[in-house]
>>> print(open('my_file34.cif').read())   # mmCIF, C-alpha atoms
data_start
#
loop_
_atom_site.label_atom_id
_atom_site.label_comp_id
_atom_site.auth_asym_id
_atom_site.auth_seq_id
_atom_site.Cartn_x
_atom_site.Cartn_y
_atom_site.Cartn_z
CA MET A 30 0.00 0.00 0.00
CA TYR A 31 0.95 3.65 -0.46
CA ASN A 32 2.03 4.13 3.18
CA ASN A 33 4.69 1.41 2.97
CA ILE A 34 6.51 2.58 -0.16
CA ILE A 35 10.07 3.85 0.15
CA ILE A 36 10.30 7.27 -1.52
CA GLU A 37 13.76 8.12 -2.85
CA LYS A 38 15.11 10.67 -5.30
CA GLY A 39 16.17 7.93 -7.69
CA LEU A 40 12.53 7.86 -8.84
CA TYR A 41 13.27 11.09 -10.71
CA SER A 42 16.09 9.49 -12.68
CA ILE A 43 14.40 6.49 -14.28
CA SER A 44 14.81 6.80 -18.05
CA GLY A 45 11.61 7.33 -19.97
CA LYS A 46 9.46 7.77 -16.87
CA SER A 47 8.27 10.75 -14.91
CA PHE A 48 8.39 10.72 -11.13
CA THR A 49 4.66 10.01 -10.92
CA GLN A 50 4.88 7.20 -13.49
CA ALA A 51 7.70 5.57 -11.54
CA LEU A 52 5.76 6.01 -8.32
CA THR A 53 2.62 4.53 -9.89
CA GLU A 54 4.52 1.36 -10.81
CA LEU A 55 5.24 0.90 -7.12
CA ASP A 56 1.71 1.90 -6.10
CA PRO A 57 -0.78 1.15 -8.93
CA ASP A 58 -3.95 3.23 -9.08
CA GLU A 59 -6.12 0.16 -9.61
CA ASN A 60 -5.37 -0.98 -6.06
CA TYR A 61 -7.67 1.77 -4.79
CA THR A 62 -10.76 1.19 -6.90
CA GLY A 63 -13.82 1.44 -4.67
CA THR A 64 -11.90 2.98 -1.76
CA GLU A 65 -11.82 6.54 -0.42
CA LEU A 66 -8.50 7.02 -2.22
CA GLU A 67 -9.96 6.32 -5.66
CA GLY A 68 -9.37 9.33 -7.88
CA LEU A 69 -6.05 10.26 -6.30
CA ASP A 70 -2.87 9.52 -8.23
CA ALA A 71 0.26 8.02 -6.68
CA PHE A 72 1.75 11.44 -5.84
CA GLU A 73 -1.46 12.69 -4.23
CA ARG A 74 -1.63 9.55 -2.13
CA GLN A 75 1.87 10.30 -0.82
CA LEU A 76 0.78 13.82 0.14
CA ARG A 77 -1.99 12.21 2.13
CA ARG A 78 0.43 9.72 3.67
CA PHE A 79 2.63 12.51 5.02
CA ASP A 80 -0.37 14.70 5.86
CA ILE A 81 0.75 17.55 3.58
CA LYS A 82 -2.13 19.88 2.75
CA VAL A 83 -1.30 22.13 -0.21
CA ASN A 84 -4.42 24.33 -0.09
CA GLY A 85 -7.49 25.16 1.96
CA PRO A 86 -7.89 26.63 5.45
CA ASP A 87 -5.55 24.03 6.98
CA CYS A 88 -2.87 24.50 4.32
CA ASP A 89 0.63 23.60 5.53
CA ARG A 90 3.84 25.58 5.20
CA VAL A 91 6.69 24.79 2.83
CA GLU A 92 8.74 23.28 5.63
CA LYS A 93 6.19 20.47 6.05
CA PHE A 94 7.70 18.78 2.98
CA PHE A 95 11.04 18.63 4.80
CA ALA A 96 9.75 17.03 7.97
CA SER A 97 11.31 13.73 6.84
CA THR A 98 13.80 12.52 4.27
CA GLN A 99 11.11 10.74 2.28
CA SER A 100 8.59 13.60 2.25
CA ALA A 101 11.32 15.97 1.04
CA VAL A 102 11.54 13.90 -2.14
CA LEU A 103 7.96 14.93 -2.96
CA PHE A 104 8.79 18.66 -3.04
CA PRO A 105 10.21 18.81 -6.61
CA GLU A 106 7.08 17.13 -7.99
CA PHE A 107 4.88 19.62 -6.13
CA VAL A 108 6.91 22.45 -7.66
CA ARG A 109 6.79 20.93 -11.15
CA ARG A 110 3.04 20.32 -11.06
CA THR A 111 2.31 23.81 -9.78
CA ILE A 112 4.49 25.48 -12.43
CA LYS A 113 2.88 23.34 -15.12
CA LEU A 114 -0.58 24.35 -13.89
CA GLY A 115 0.43 28.00 -14.25
CA MET A 116 1.62 27.27 -17.78
CA GLU A 117 -1.66 25.62 -18.71
CA GLN A 118 -3.71 28.49 -17.30
CA ALA A 119 -1.81 31.05 -19.43
CA SER A 120 -1.53 28.94 -22.58
CA ILE A 121 -3.32 29.64 -25.86
CA LEU A 122 -2.15 26.32 -27.30
CA PRO A 123 -5.45 24.42 -26.80
CA SER A 124 -7.02 26.95 -29.17
CA VAL A 125 -4.38 26.78 -31.92
CA VAL A 126 -2.61 23.40 -31.95
CA ALA A 127 -3.90 20.65 -34.25
CA ALA A 128 -1.41 17.91 -33.38
CA VAL A 129 1.24 17.16 -30.75
CA THR A 130 4.45 15.24 -31.44
CA TYR A 131 7.16 14.06 -29.05
CA THR A 132 10.83 13.74 -29.96
CA ASP A 133 14.16 13.26 -28.22
CA SER A 134 15.96 15.44 -30.78
CA MET A 135 16.65 19.17 -30.64
CA ASP A 136 15.14 19.73 -34.08
CA TYR A 137 12.25 18.25 -35.98
CA ARG A 138 11.43 18.06 -39.67
CA GLY A 139 7.67 18.09 -39.90
CA LEU A 140 5.25 17.63 -42.77
CA THR A 141 3.67 20.16 -45.10
CA VAL A 142 0.38 19.66 -46.92
CA GLU A 143 -0.62 21.26 -50.23
CA ASN A 144 -3.60 20.52 -52.47
CA THR A 145 -3.37 20.71 -56.27
CA GLY A 146 -5.93 20.21 -59.02
CA SER A 147 -9.63 20.99 -59.22
CA ALA A 148 -12.09 19.76 -56.62
CA ALA A 149 -15.06 20.25 -58.98
CA GLY A 150 -15.20 16.59 -59.93
CA VAL A 151 -13.21 14.21 -62.10
CA ALA A 152 -14.28 13.53 -65.66
CA GLU A 153 -13.77 10.15 -67.28
CA ALA A 154 -10.03 9.59 -67.72
CA GLY A 155 -9.51 12.98 -66.09
CA THR A 156 -6.78 14.02 -63.71
CA VAL A 157 -7.45 13.28 -60.05
CA PRO A 158 -6.66 16.19 -57.70
CA VAL A 159 -3.72 15.51 -55.41
CA THR A 160 -2.96 16.20 -51.78
CA ASN A 161 0.82 16.55 -51.62
CA VAL A 162 2.43 15.65 -48.33
CA ARG A 163 6.13 16.41 -48.10
CA LEU A 164 8.79 16.84 -45.49
CA ALA A 165 9.21 20.48 -44.60
CA ALA A 166 12.00 22.23 -46.50
CA SER A 167 13.85 22.84 -43.25
CA ALA A 168 13.80 21.43 -39.75
CA SER A 169 12.06 23.27 -36.94
CA ALA A 170 14.48 23.97 -34.12
CA LEU A 171 13.23 23.16 -30.65
CA THR A 172 13.78 25.86 -28.07
CA LYS A 173 14.32 25.56 -24.35
CA TYR A 174 12.09 27.91 -22.37
CA ALA A 175 13.08 28.34 -18.76
CA ARG A 176 12.66 30.46 -15.67
CA ARG A 177 14.62 30.58 -12.44
CA LEU A 178 13.20 31.67 -9.10
CA SER A 179 15.90 32.96 -6.79
CA CYS A 180 15.07 32.33 -3.14
CA SER A 181 16.57 30.92 0.01
CA TYR A 182 15.04 28.12 2.01
CA GLU A 183 14.91 30.45 4.99
CA SER A 184 12.75 32.90 3.06
CA ILE A 185 10.17 30.33 1.94
CA ARG A 186 10.10 27.70 4.69
CA LYS A 187 7.40 29.48 6.72
CA GLN A 188 5.28 30.43 3.72
CA ARG A 189 1.93 28.72 3.30
CA LEU A 190 2.00 26.30 0.37
CA GLU A 191 -1.10 27.92 -1.11
CA ALA A 192 0.60 31.33 -1.22
CA PHE A 193 3.88 29.88 -2.48
CA ALA A 194 1.95 28.10 -5.23
CA VAL A 195 0.79 31.49 -6.55
CA ILE A 196 4.42 32.45 -7.15
CA LEU A 197 5.12 29.13 -8.86
CA ARG A 198 2.04 29.43 -11.09
CA ASN A 199 3.09 32.95 -12.10
CA MET A 200 6.51 31.55 -12.93
CA GLY A 201 4.84 28.96 -15.15
CA ALA A 202 2.67 31.64 -16.78
CA ASP A 203 5.80 33.61 -17.72
CA ILE A 204 7.22 30.53 -19.45
CA SER A 205 3.92 29.90 -21.20
CA ARG A 206 3.68 33.44 -22.56
CA ALA A 207 7.05 32.98 -24.26
CA ILE A 208 5.78 29.74 -25.83
CA ASN A 209 2.57 31.47 -26.93
CA LYS A 210 4.68 34.05 -28.76
CA ALA A 211 6.64 31.31 -30.53
CA ALA A 212 3.39 29.66 -31.66
CA CYS A 213 2.08 32.95 -33.09
CA THR A 214 5.39 33.60 -34.87
CA ALA A 215 5.25 30.15 -36.48
CA LEU A 216 1.65 30.68 -37.61
CA ALA A 217 2.27 34.13 -39.10
CA ALA A 218 5.54 33.19 -40.84
CA GLU A 219 5.47 33.75 -44.61
CA ALA A 220 1.83 34.93 -44.49
CA SER A 221 1.09 38.26 -46.18
CA PRO A 222 -1.34 40.33 -44.06
CA THR A 223 -4.50 41.60 -45.74
CA ALA A 224 -4.68 45.40 -45.61
CA ILE A 225 -7.57 47.31 -44.03
CA SER A 226 -9.26 50.43 -45.34
CA GLY A 227 -9.01 52.68 -42.28
CA GLU A 228 -7.02 53.23 -39.12
CA THR A 229 -8.45 50.15 -37.39
CA ILE A 230 -10.25 47.02 -38.48
CA THR A 231 -14.03 47.18 -38.89
CA TYR A 232 -16.62 44.50 -38.23
CA SER A 233 -17.34 44.09 -41.94
CA GLU A 234 -13.61 43.58 -42.59
CA LEU A 235 -13.49 41.04 -39.77
CA ALA A 236 -16.42 39.15 -41.31
CA LYS A 237 -14.79 39.26 -44.75
CA PHE A 238 -11.56 37.98 -43.17
CA TRP A 239 -13.48 35.04 -41.69
CA GLY A 240 -14.83 34.20 -45.13
CA SER A 241 -11.41 34.44 -46.77
CA LEU A 242 -10.35 31.07 -45.41
CA THR A 243 -11.95 28.99 -48.14
CA ASP A 244 -10.08 25.70 -47.68
CA GLY A 245 -11.32 25.15 -44.16
CA GLU A 246 -13.32 26.68 -41.35
CA MET A 247 -11.79 29.60 -39.47
CA THR A 248 -12.19 28.51 -35.86
CA THR A 249 -9.86 30.89 -34.07
CA ILE A 250 -8.55 34.43 -34.38
CA VAL A 251 -5.46 35.25 -32.32
CA THR A 252 -4.61 38.91 -31.90
CA THR A 253 -3.15 41.49 -29.51
CA PRO A 254 -5.05 42.37 -26.33
CA GLN A 255 -5.74 45.85 -27.73
CA ALA A 256 -7.21 44.53 -31.00
CA ALA A 257 -9.19 41.87 -29.14
CA ALA A 258 -10.74 44.57 -26.96
CA GLU A 259 -11.65 46.61 -30.04
CA ILE A 260 -13.31 43.59 -31.64
CA ILE A 261 -15.31 42.83 -28.51
CA ALA A 262 -16.47 46.48 -28.47
CA PHE A 263 -18.15 46.16 -31.89
CA ASP A 264 -21.91 46.72 -31.65
CA GLN A 265 -22.41 43.43 -33.48
CA MET A 266 -20.71 41.61 -30.60
CA LYS A 267 -23.44 42.60 -28.13
CA CYS A 268 -25.40 39.47 -29.01
CA CYS A 269 -22.40 37.44 -27.81
CA MET A 270 -22.09 39.13 -24.43
CA PRO A 271 -24.33 36.69 -22.51
CA SER A 272 -21.85 33.90 -23.29
CA CYS A 273 -18.68 35.97 -22.95
CA GLY A 274 -16.33 34.62 -20.33
CA GLU A 275 -17.58 31.03 -20.39
CA ASN A 276 -14.41 28.97 -20.06
CA GLY A 277 -12.50 32.18 -20.84
CA CYS A 278 -13.85 32.07 -24.41
CA VAL A 279 -15.28 34.94 -26.43
CA LYS A 280 -16.78 34.16 -29.84
CA THR A 281 -17.98 36.30 -32.72
CA PRO A 282 -21.57 35.97 -34.01
CA PHE A 283 -20.17 33.68 -36.72
CA GLY A 284 -18.62 31.35 -34.19
CA VAL A 285 -14.92 32.27 -34.27
CA GLU A 286 -13.11 32.19 -30.93
CA ILE A 287 -11.22 35.41 -30.18
CA VAL A 288 -7.95 34.71 -28.36
CA LYS A 289 -5.91 37.60 -27.02
CA CYS A 290 -2.17 37.07 -26.90
CA SER A 291 0.52 39.59 -26.02
CA GLY A 292 2.93 37.50 -28.09
CA VAL A 293 1.37 38.57 -31.39
CA GLU A 294 3.87 40.95 -32.96
CA GLY A 295 2.69 43.86 -35.08
CA ASN A 296 -0.84 45.10 -35.61
CA ILE A 297 -2.19 41.84 -36.97
CA ALA A 298 -4.78 39.16 -36.30
CA ILE A 299 -4.08 35.53 -37.20
CA GLY A 300 -7.07 33.48 -38.34
CA ILE A 301 -6.69 29.71 -38.38
CA ASP A 302 -8.48 26.46 -38.86
CA LYS A 303 -7.38 24.86 -35.60
CA SER A 304 -7.87 21.35 -36.98
CA SER A 305 -5.04 21.61 -39.53
CA ALA A 306 -2.84 24.67 -38.96
CA LEU A 307 -0.12 23.95 -36.40
CA GLU A 308 1.87 21.06 -34.98
CA MET A 309 3.54 21.35 -31.59
CA ILE A 310 6.68 19.34 -30.90
CA TYR A 311 7.75 18.48 -27.36
CA GLY A 312 11.40 17.75 -26.72
CA THR A 313 10.81 17.53 -22.97
CA ASP A 314 7.99 17.99 -20.52
CA VAL A 315 8.32 20.50 -17.69
CA THR A 316 11.42 19.62 -15.68
CA VAL A 317 12.91 20.97 -12.46
CA ASP A 318 16.27 20.45 -10.79
CA PHE A 319 15.19 17.85 -8.24
CA ASP A 320 18.58 17.53 -6.52
CA LYS A 321 18.65 21.15 -5.40
CA LEU A 322 15.01 21.14 -4.37
CA ILE A 323 15.33 18.08 -2.18
CA SER A 324 18.04 19.86 -0.18
CA THR A 325 16.63 22.20 2.45
CA GLN A 326 19.40 24.65 1.57
CA CYS A 327 18.22 25.23 -2.00
CA ASP A 328 18.76 28.80 -3.16
CA GLU A 329 16.89 28.66 -6.46
CA ILE A 330 14.08 26.92 -8.29
CA ALA A 331 14.67 26.40 -12.01
CA ALA A 332 12.10 25.01 -14.42
CA SER A 333 12.35 24.41 -18.16
CA ILE A 334 10.57 22.87 -21.12
CA THR A 335 11.75 22.27 -24.68
CA VAL A 336 9.25 22.75 -27.51
CA GLY A 337 8.96 23.80 -31.14
CA PHE A 338 6.29 24.42 -33.77
CA SER A 339 5.73 23.43 -37.39
CA LYS A 340 3.03 24.84 -39.66
CA LEU A 341 1.16 21.92 -41.19
CA THR A 342 -1.11 23.55 -43.77
CA SER A 343 -0.39 27.05 -45.04
CA SER A 344 -3.89 27.40 -46.48
CA ALA A 345 -5.32 26.95 -42.97
CA VAL A 346 -3.81 30.29 -41.87
CA LYS A 347 -4.78 33.85 -42.82
CA VAL A 348 -3.44 37.15 -41.47
CA ILE A 349 -5.04 40.60 -41.48
CA LYS A 350 -3.89 44.00 -40.27
CA THR A 351 -5.83 45.31 -37.28
CA ALA A 352 -4.43 48.85 -37.37
CA ALA A 353 -2.81 51.03 -40.01
#
>>> encode(input="my_file34.cif", output="structure tokens")
Amino acid sequence: MYNNIIIEKGLYSISGKSFTQALTELDPDENYTGTELEGLDAFERQLRRFDIKVNGPDCDRVEKFFASTQSAVLFPEFVRRTIKLGMEQASILPSVVAAVTYTDSMDYRGLTVENTGSAAGVAEAGTVPVTNVRLAASASALTKYARRLSCSYESIRKQRLEAFAVILRNMGADISRAINKAACTALAAEASPTAISGETITYSELAKFWGSLTDGEMTTIVTTPQAAAEIIAFDQMKCCMPSCGENGCVKTPFGVEIVKCSGVEGNIAIGIDKSSALEMIYGTDVTVDFDKLISTQCDEIAASITVGFSKLTSSAVKVIKTAA
């Protein structure tokens, strides 16, 4: 059972497995079906074992992790999970990524898709239209995104875990915003922005932009916070206001999700068909330096992730200017 397992830092070093995966092999989830512990994963069961409460009115302090040698080993996973949660909360990737790939290389040569020929129908002995799938002309380099929190154990040991988690989530959000920017850069690359008639985009131009994506369905428009606010202020958006904010999503009357992203460079909006526009490549998941964190004398918390992006279908992406 979970309260008899020996927790050691070697669980972080098993090739091809995360800490939780290694822990789950020692303490399978299926052992708890029908019990009060059903629904908790192996890491959460260890928090319960050592009576570490990470939130709520009875939330413990950071030093509770270091009450024993074994419980100290859980601290890096708490840090990693909390930083990853902050990344997920700030990420636009669920709205723009069509496919996810994992690699152990530092670059990745993805696929490109291009359609040729007429889709009007094929006459007898006529030429069949072709979908050309090729390796991309160049490899997409994966980039390491990282953040380091400088702190002493003495400064954090008495902090409530719930408050300390806010700092870690903000740290994750900073990493995620850099990744968001990279995704927008990959989407907008080699796309020529459609010009607008005035100083700022109008609703009719926005609607025309939506209709310009003829080889798919424009599902998402990513733009700067300023442009997103201007779009939401259109009179035609008033009919959408009752649903604004549901799951953080704002949609136009024609069903396109408006995503604001400070990583969009220039006065542009990027319209995409989410189902076929962008591939995300993971070189690593979120990692932390577990050795330093297990020591009570740690003076920094460093987290990193390695990712890259590859545009799958150029025709699934359109760009328009939002301001002159």
>>> closest_residue(input="my_file34.cif", among="A:Glu117, A:Glu191, A:Asp133, A:Pro222", to="A:Ile81", atoms="all atoms listed in the file")
A:Glu191
>>> resolve_selection(input="my_file34.cif", expression="the PyMOL selection byres ((chain A and resi 324) around 10)", output="short mmCIF file (atom, residue, chain, number, x, y, z; two decimals) with C-alpha atoms, in the frame of the given file")
data_model
loop_
_atom_site.label_atom_id
_atom_site.label_comp_id
_atom_site.auth_asym_id
_atom_site.auth_seq_id
_atom_site.Cartn_x
_atom_site.Cartn_y
_atom_site.Cartn_z
CA PHE A 95 11.04 18.63 4.80
CA THR A 98 13.80 12.52 4.27
CA ALA A 101 11.32 15.97 1.04
CA VAL A 102 11.54 13.90 -2.14
CA PHE A 104 8.79 18.66 -3.04
CA TYR A 182 15.04 28.12 2.01
CA PHE A 319 15.19 17.85 -8.24
CA ASP A 320 18.58 17.53 -6.52
CA LYS A 321 18.65 21.15 -5.40
CA LEU A 322 15.01 21.14 -4.37
CA ILE A 323 15.33 18.08 -2.18
CA THR A 325 16.63 22.20 2.45
CA GLN A 326 19.40 24.65 1.57
CA CYS A 327 18.22 25.23 -2.00
CA ASP A 328 18.76 28.80 -3.16
#
>>> closest_residue(input="my_file34.cif", among="A:Val83, A:Ala353, A:Ala96, A:Leu178", to="A:Glu329", atoms="only C-alpha atoms")
A:Leu178
>>> atom_distance(input="my_file34.cif", atom1="atom CA of A:Ile330", atom2="atom CA of A:Glu106")
12.0 Å
>>> closest_residue(input="my_file34.cif", among="A:Gly85, A:Pro282, A:Gly300, A:Gly115", to="A:Asn199", atoms="only C-alpha atoms")
A:Gly115
>>> resolve_selection(input="my_file34.cif", expression="the PyMOL selection byres ((chain A and resi 332) around 7)", output="NGL selection string")
:A and (175-177 or 315-317 or 330-331 or 333)
>>> resolve_selection(input="my_file34.cif", expression="the PyMOL selection byres ((chain A and resi 258) around 12)", output="list of chain:residue names")
A:Ile230, A:Val251, A:Thr252, A:Thr253, A:Pro254, A:Gln255, A:Ala256, A:Ala257, A:Glu259, A:Ile260, A:Ile261, A:Ala262, A:Phe263, A:Met266, A:Val279, A:Ile287, A:Val288, A:Lys289, A:Cys290, A:Thr351
>>> atom_distance(input="my_file34.cif", atom1="atom CA of A:Thr64", atom2="atom CA of A:Phe79")
18.7 Å
>>> residues_around(input="my_file34.cif", residues="A:Ala202", least_positions_apart="3", cutoff="9 Å", atoms="all atoms listed in the file", output="PyMOL selection string")
chain A and resi 112-120+197-199+205-207
>>> decode(input="my_file34.cif", residues="stretch 341-353 of chain A", atoms="N, CA and C atoms", output="PDB file, in the first residue's frame")
ATOM      1  N   LEU A 341       1.535  23.097 -40.413  1.00  0.00           N
ATOM      2  CA  LEU A 341       1.156  21.922 -41.193  1.00  0.00           C
ATOM      3  C   LEU A 341       0.567  22.287 -42.555  1.00  0.00           C
ATOM      4  N   THR A 342      -0.390  23.205 -42.545  1.00  0.00           N
ATOM      5  CA  THR A 342      -1.108  23.554 -43.771  1.00  0.00           C
ATOM      6  C   THR A 342      -1.163  25.066 -43.904  1.00  0.00           C
ATOM      7  N   SER A 343      -0.443  25.596 -44.870  1.00  0.00           N
ATOM      8  CA  SER A 343      -0.387  27.051 -45.044  1.00  0.00           C
ATOM      9  C   SER A 343      -1.754  27.634 -45.369  1.00  0.00           C
ATOM     10  N   SER A 344      -2.574  26.888 -46.103  1.00  0.00           N
ATOM     11  CA  SER A 344      -3.891  27.396 -46.483  1.00  0.00           C
ATOM     12  C   SER A 344      -4.859  27.453 -45.315  1.00  0.00           C
ATOM     13  N   ALA A 345      -4.469  26.907 -44.168  1.00  0.00           N
ATOM     14  CA  ALA A 345      -5.317  26.951 -42.967  1.00  0.00           C
ATOM     15  C   ALA A 345      -5.032  28.180 -42.121  1.00  0.00           C
ATOM     16  N   VAL A 346      -4.200  29.088 -42.626  1.00  0.00           N
ATOM     17  CA  VAL A 346      -3.815  30.286 -41.874  1.00  0.00           C
ATOM     18  C   VAL A 346      -3.998  31.526 -42.739  1.00  0.00           C
ATOM     19  N   LYS A 347      -4.649  32.557 -42.181  1.00  0.00           N
ATOM     20  CA  LYS A 347      -4.778  33.846 -42.818  1.00  0.00           C
ATOM     21  C   LYS A 347      -4.379  34.926 -41.821  1.00  0.00           C
ATOM     22  N   VAL A 348      -3.855  36.043 -42.342  1.00  0.00           N
ATOM     23  CA  VAL A 348      -3.439  37.146 -41.468  1.00  0.00           C
ATOM     24  C   VAL A 348      -4.027  38.445 -42.001  1.00  0.00           C
ATOM     25  N   ILE A 349      -4.488  39.302 -41.105  1.00  0.00           N
ATOM     26  CA  ILE A 349      -5.041  40.598 -41.483  1.00  0.00           C
ATOM     27  C   ILE A 349      -4.465  41.680 -40.575  1.00  0.00           C
ATOM     28  N   LYS A 350      -4.299  42.865 -41.091  1.00  0.00           N
ATOM     29  CA  LYS A 350      -3.887  43.997 -40.270  1.00  0.00           C
ATOM     30  C   LYS A 350      -5.075  44.418 -39.405  1.00  0.00           C
ATOM     31  N   THR A 351      -4.772  44.828 -38.173  1.00  0.00           N
ATOM     32  CA  THR A 351      -5.832  45.310 -37.282  1.00  0.00           C
ATOM     33  C   THR A 351      -5.736  46.821 -37.080  1.00  0.00           C
ATOM     34  N   ALA A 352      -4.617  47.407 -37.473  1.00  0.00           N
ATOM     35  CA  ALA A 352      -4.433  48.852 -37.371  1.00  0.00           C
ATOM     36  C   ALA A 352      -3.471  49.291 -38.472  1.00  0.00           C
ATOM     37  N   ALA A 353      -3.657  50.525 -38.936  1.00  0.00           N
ATOM     38  CA  ALA A 353      -2.806  51.032 -40.015  1.00  0.00           C
ATOM     39  C   ALA A 353      -1.390  51.283 -39.514  1.00  0.00           C
TER      40      ALA A 353
END
